[in-house]
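Chemist: There's a structure below that I have some questions on.
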Amino acid sequence: MDETVAEFIKRTILKIRMNELLTILKAWDFLPENQLQTINFRQRKESLVQHLVRLCEEKHASLNDAALLDIICEDVDLFDMKQFKNSFKKILQRALKNALTVASKHHQIVKMDLRSRYLESLKAIVFKQYNQTFETHNSTTPLQERNLGLDINMDSRIIHENIAEKERVQQITQKTFGDYPQPQLEFAQYKLETKFKSDLNGSILAEREEPLRCLIKFSSPHLLEALKSLAPAGIADAPLSPLLTCIPNKRMNYFKIRDK
Amino acid sequence: MSVLRPLDKLPRLNTATILLVGTEDALLQQLADSMLKEDCASELKVHLAKSLPLPSSVNRPRIDLIVFVVNLHSKYSLQNTEESLHHVDASFFLGKVCFLATGAGRESHCSIHRHTMVKLAHTYQSPLLYCDLEVEGFRATMAQRLVRMLQMCAGHVPGVSALNLLSLLRSSEGPSLEDM
């Protein structure tokens, strides 16, 4: 059994209250009941835990088994939906962090403000793997032929006046986001604590000395692809705000913004 | 020259040219395709532009009708139109300009108030049309209408000029802005 898994199990069991331990171990159903009956649950916690971990080792507990125990250990009140949701979210985040830790064989991941449901994408962003397959992209094909969301009609009766502008936008978009598929992210959140700036004279909000607090959240089934298509679709100007484009580079999608 | 003028070029034989101005290229493209599907005695040319001024080009034909497409879901779209309007000569607004607002069907997505569009059209003395360009059926109908308007503005319909059309459309509109 991996050292990490042993440590994981040990820490999980240490958190369990003594009076609940047997119930939880029974619910876990990894150690057979007849074996549980042979354990002295009245001994000191450290020695009890060591004994249990040894038993788990003998049975070759895997990371999955350990994770299952972790989930069972949560003090969850099923009748309180709000608490359940909070607890479940914490369980998932912890499971995710544990999985990432083991997967990357690093034992310490510095606190990251990067949250997403897609483990692969998170991993890709954290370890900057998302552009590796496409590093040798050949950019000699003319812009019009590449399928970058531009469908230039072959009907000669339609004339696009702003071809130069379109090409500029495509180039900027490509430079910012690259040609490869974006990692999948569902949210970006910006907590603003800045003074309100307004073009209008005499705006009430602009005269306040205190910063305005507001929260802006972008959500999408595939946020980065959506951001990438904003300028080519004509919904926003290119280049996009660096606050949006820095998400994969800074490995953050929760930001706090204050005045300098 | 950065200002569009309606009569600075000679017309081409039997050709009618429309200029669609709007930020969302996909919508303009679809509308252009729909217009070109129409049966039309005149030879149609559709120019698509994101904004004005247009890049200078000697080969561009005379433009007979300008349609400013505004997406009611996007303030950026309105802002782009307002800025582009400054590059249109005043004489264009004698029936050769119209506004087309799209997206009114999905009211929850609208960030531009209908009143804003009405006021804009009123300021420029030009008709305001509504059409959800994303819906194929509505788009086809609007395309038909625009082709007819274009033919009149190009002078291809005997007895009807752009100015006639404008006054016809004006009188069939609802109550004036002051009465609202």
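Just so we're on the same page: first chain in the structure tokens is A, next is B, and so on; residues restart at 1 for each chain, and ligands are numbered from 1 in the order they show up.
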Could the residues of chain B that have an atom at most 7 Å from chain A be listed as CSV, each with its closest atom pair and the distance in Å to one decimal, counting only C-alpha atoms and ordered by chain and ascending residue number?
Modeler:
```
residue,atom,partner,partner_atom,distance
B:Thr23,CA,A:Gly234,CA,4.9
B:Glu24,CA,A:Gly234,CA,4.6
B:Asp25,CA,A:Gly234,CA,6.5
B:Leu44,CA,A:Arg157,CA,6.8
B:Lys45,CA,A:Arg157,CA,4.9
B:Val46,CA,A:Ile158,CA,4.8
B:His47,CA,A:Ile159,CA,4.7
B:Leu48,CA,A:His160,CA,4.9
B:Ala49,CA,A:Glu161,CA,5.0
B:Lys50,CA,A:Asn162,CA,6.5
B:Leu54,CA,A:Glu161,CA,6.7
```
Chemist: Pull N, CA, C and O atoms from the residues just selected and write them as an mmCIF file, in the first residue's frame.
Modeler:
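In the end it all went to out.cif:
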```cif
data_model
loop_
_atom_site.group_PDB
_atom_site.id
_atom_site.type_symbol
_atom_site.label_atom_id
_atom_site.label_comp_id
_atom_site.auth_asym_id
_atom_site.auth_seq_id
_atom_site.Cartn_x
_atom_site.Cartn_y
_atom_site.Cartn_z
ATOM 1 N N THR B 23 -22.256 44.765 -35.762
ATOM 2 C CA THR B 23 -21.087 44.143 -35.148
ATOM 3 C C THR B 23 -21.059 42.635 -35.321
ATOM 4 O O THR B 23 -19.985 42.035 -35.315
ATOM 5 N N GLU B 24 -22.239 42.012 -35.441
ATOM 6 C CA GLU B 24 -22.223 40.553 -35.470
ATOM 7 C C GLU B 24 -22.252 40.030 -36.894
ATOM 8 O O GLU B 24 -23.299 39.946 -37.534
ATOM 9 N N ASP B 25 -21.087 39.659 -37.340
ATOM 10 C CA ASP B 25 -20.904 39.249 -38.727
ATOM 11 C C ASP B 25 -21.801 38.092 -39.126
ATOM 12 O O ASP B 25 -22.325 38.050 -40.245
ATOM 13 N N LEU B 44 -28.332 42.340 -57.488
ATOM 14 C CA LEU B 44 -28.109 42.785 -56.108
ATOM 15 C C LEU B 44 -26.664 42.635 -55.682
ATOM 16 O O LEU B 44 -25.994 41.690 -56.044
ATOM 17 N N LYS B 45 -26.235 43.601 -54.900
ATOM 18 C CA LYS B 45 -24.916 43.489 -54.282
ATOM 19 C C LYS B 45 -25.093 43.822 -52.808
ATOM 20 O O LYS B 45 -25.751 44.809 -52.454
ATOM 21 N N VAL B 46 -24.528 42.965 -51.938
ATOM 22 C CA VAL B 46 -24.647 43.207 -50.508
ATOM 23 C C VAL B 46 -23.261 43.432 -49.917
ATOM 24 O O VAL B 46 -22.390 42.577 -50.017
ATOM 25 N N HIS B 47 -23.079 44.586 -49.318
ATOM 26 C CA HIS B 47 -21.815 44.867 -48.642
ATOM 27 C C HIS B 47 -22.020 44.730 -47.141
ATOM 28 O O HIS B 47 -23.008 45.231 -46.606
ATOM 29 N N LEU B 48 -21.090 44.051 -46.497
ATOM 30 C CA LEU B 48 -21.178 43.877 -45.046
ATOM 31 C C LEU B 48 -20.042 44.641 -44.386
ATOM 32 O O LEU B 48 -18.892 44.513 -44.789
ATOM 33 N N ALA B 49 -20.388 45.413 -43.379
ATOM 34 C CA ALA B 49 -19.339 46.148 -42.668
ATOM 35 C C ALA B 49 -19.601 46.091 -41.180
ATOM 36 O O ALA B 49 -20.745 46.113 -40.734
ATOM 37 N N LYS B 50 -18.553 46.030 -40.411
ATOM 38 C CA LYS B 50 -18.704 46.034 -38.963
ATOM 39 C C LYS B 50 -19.042 47.453 -38.504
ATOM 40 O O LYS B 50 -19.865 47.657 -37.615
ATOM 41 N N LEU B 54 -15.845 53.169 -43.847
ATOM 42 C CA LEU B 54 -15.392 52.025 -44.616
ATOM 43 C C LEU B 54 -13.956 52.275 -45.047
ATOM 44 O O LEU B 54 -13.541 53.410 -45.201
#
```
Chemist: Using DSSP on the backbone coordinates, identify all residues within segment 19-84 of chain B classified as helix (DSSP H, G or I); present the result as a PyMOL selection string.
Modeler: chain B and resi 25-37+75-84
Chemist: Nearest to Thr194 of chain A among A:Arg54, A:Pro211, A:Leu227, A:Thr176, with distances taken over only C-alpha atoms: which residue is it?
Modeler: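 Ranking A:Arg54, A:Pro211, A:Leu227, A:Thr176 by distance to Thr194 of chain A, first place goes to A:Pro211.
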Chemist: Can you list, as a list in words, every residue of segment 76-141 of chain B that DSSP puts in strand (DSSP E or B)?
Modeler: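 Answer for segment 76-141 of chain B, restricted to strand (DSSP E or B): Val88, Val97, Cys98, Phe99, Leu100, Ala101, Thr102, Leu128, Leu129 and Tyr130 of chain B.
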Chemist: Find the spatial neighbours of segment 31-40 of chain B, counting only C-alpha atoms, within a cut-off of 12 Å - ignore same-chain residues fewer than 3 positions away - and output them as JSON, numbers by chain.
Modeler: {"A": [152, 153, 154, 155, 156, 157, 158, 159, 160], "B": [14, 15, 16, 17, 18, 19, 20, 21, 22, 24, 25, 26, 27, 28, 43, 44, 45, 46, 47, 48, 49, 67, 69, 100, 102, 131, 132, 133, 134, 135, 136, 137, 138, 139, 140, 141, 142, 143, 144, 145, 146, 147, 148, 149, 150, 151, 156, 157]}
Chemist: So which residues touch segment 160-163 of chain B within 12 Å, counting only C-alpha atoms, skipping near sequence neighbours fewer than 2 positions away, as a PyMOL selection string?
Modeler: chain B and resi 6+64-66+91-98+125-127+148-158+165-170
Chemist: In terms of the shortest atom-to-atom distance over only C-alpha atoms, which of B:Leu72, B:Leu13, B:Leu85, B:Leu4 is closest to Gly105 of chain B?
Modeler: B:Leu72
Chemist: For segment 148-196 of chain A versus segment 216-219 of chain A, which residues have an atom no more than 6 Å away, and what is each residue's nearest atom pair and distance in Å rounded to one decimal, using only C-alpha atoms, chain-then-number order, as a Markdown table?
Modeler:
```
| residue | atom | partner | partner_atom | distance |
| --- | --- | --- | --- | --- |
| A:Glu186 | CA | A:Ser219 | CA | 5.4 |
| A:Phe187 | CA | A:Ser219 | CA | 4.4 |
| A:Ala188 | CA | A:Phe218 | CA | 5.1 |
| A:Gln189 | CA | A:Lys217 | CA | 4.3 |
| A:Tyr190 | CA | A:Ile216 | CA | 5.1 |
```
Chemist: Atom CA of Ala66 of chain A to atom CA of Asn19 of chain A: how many Å, to one decimal?
Modeler: 20.3 Å
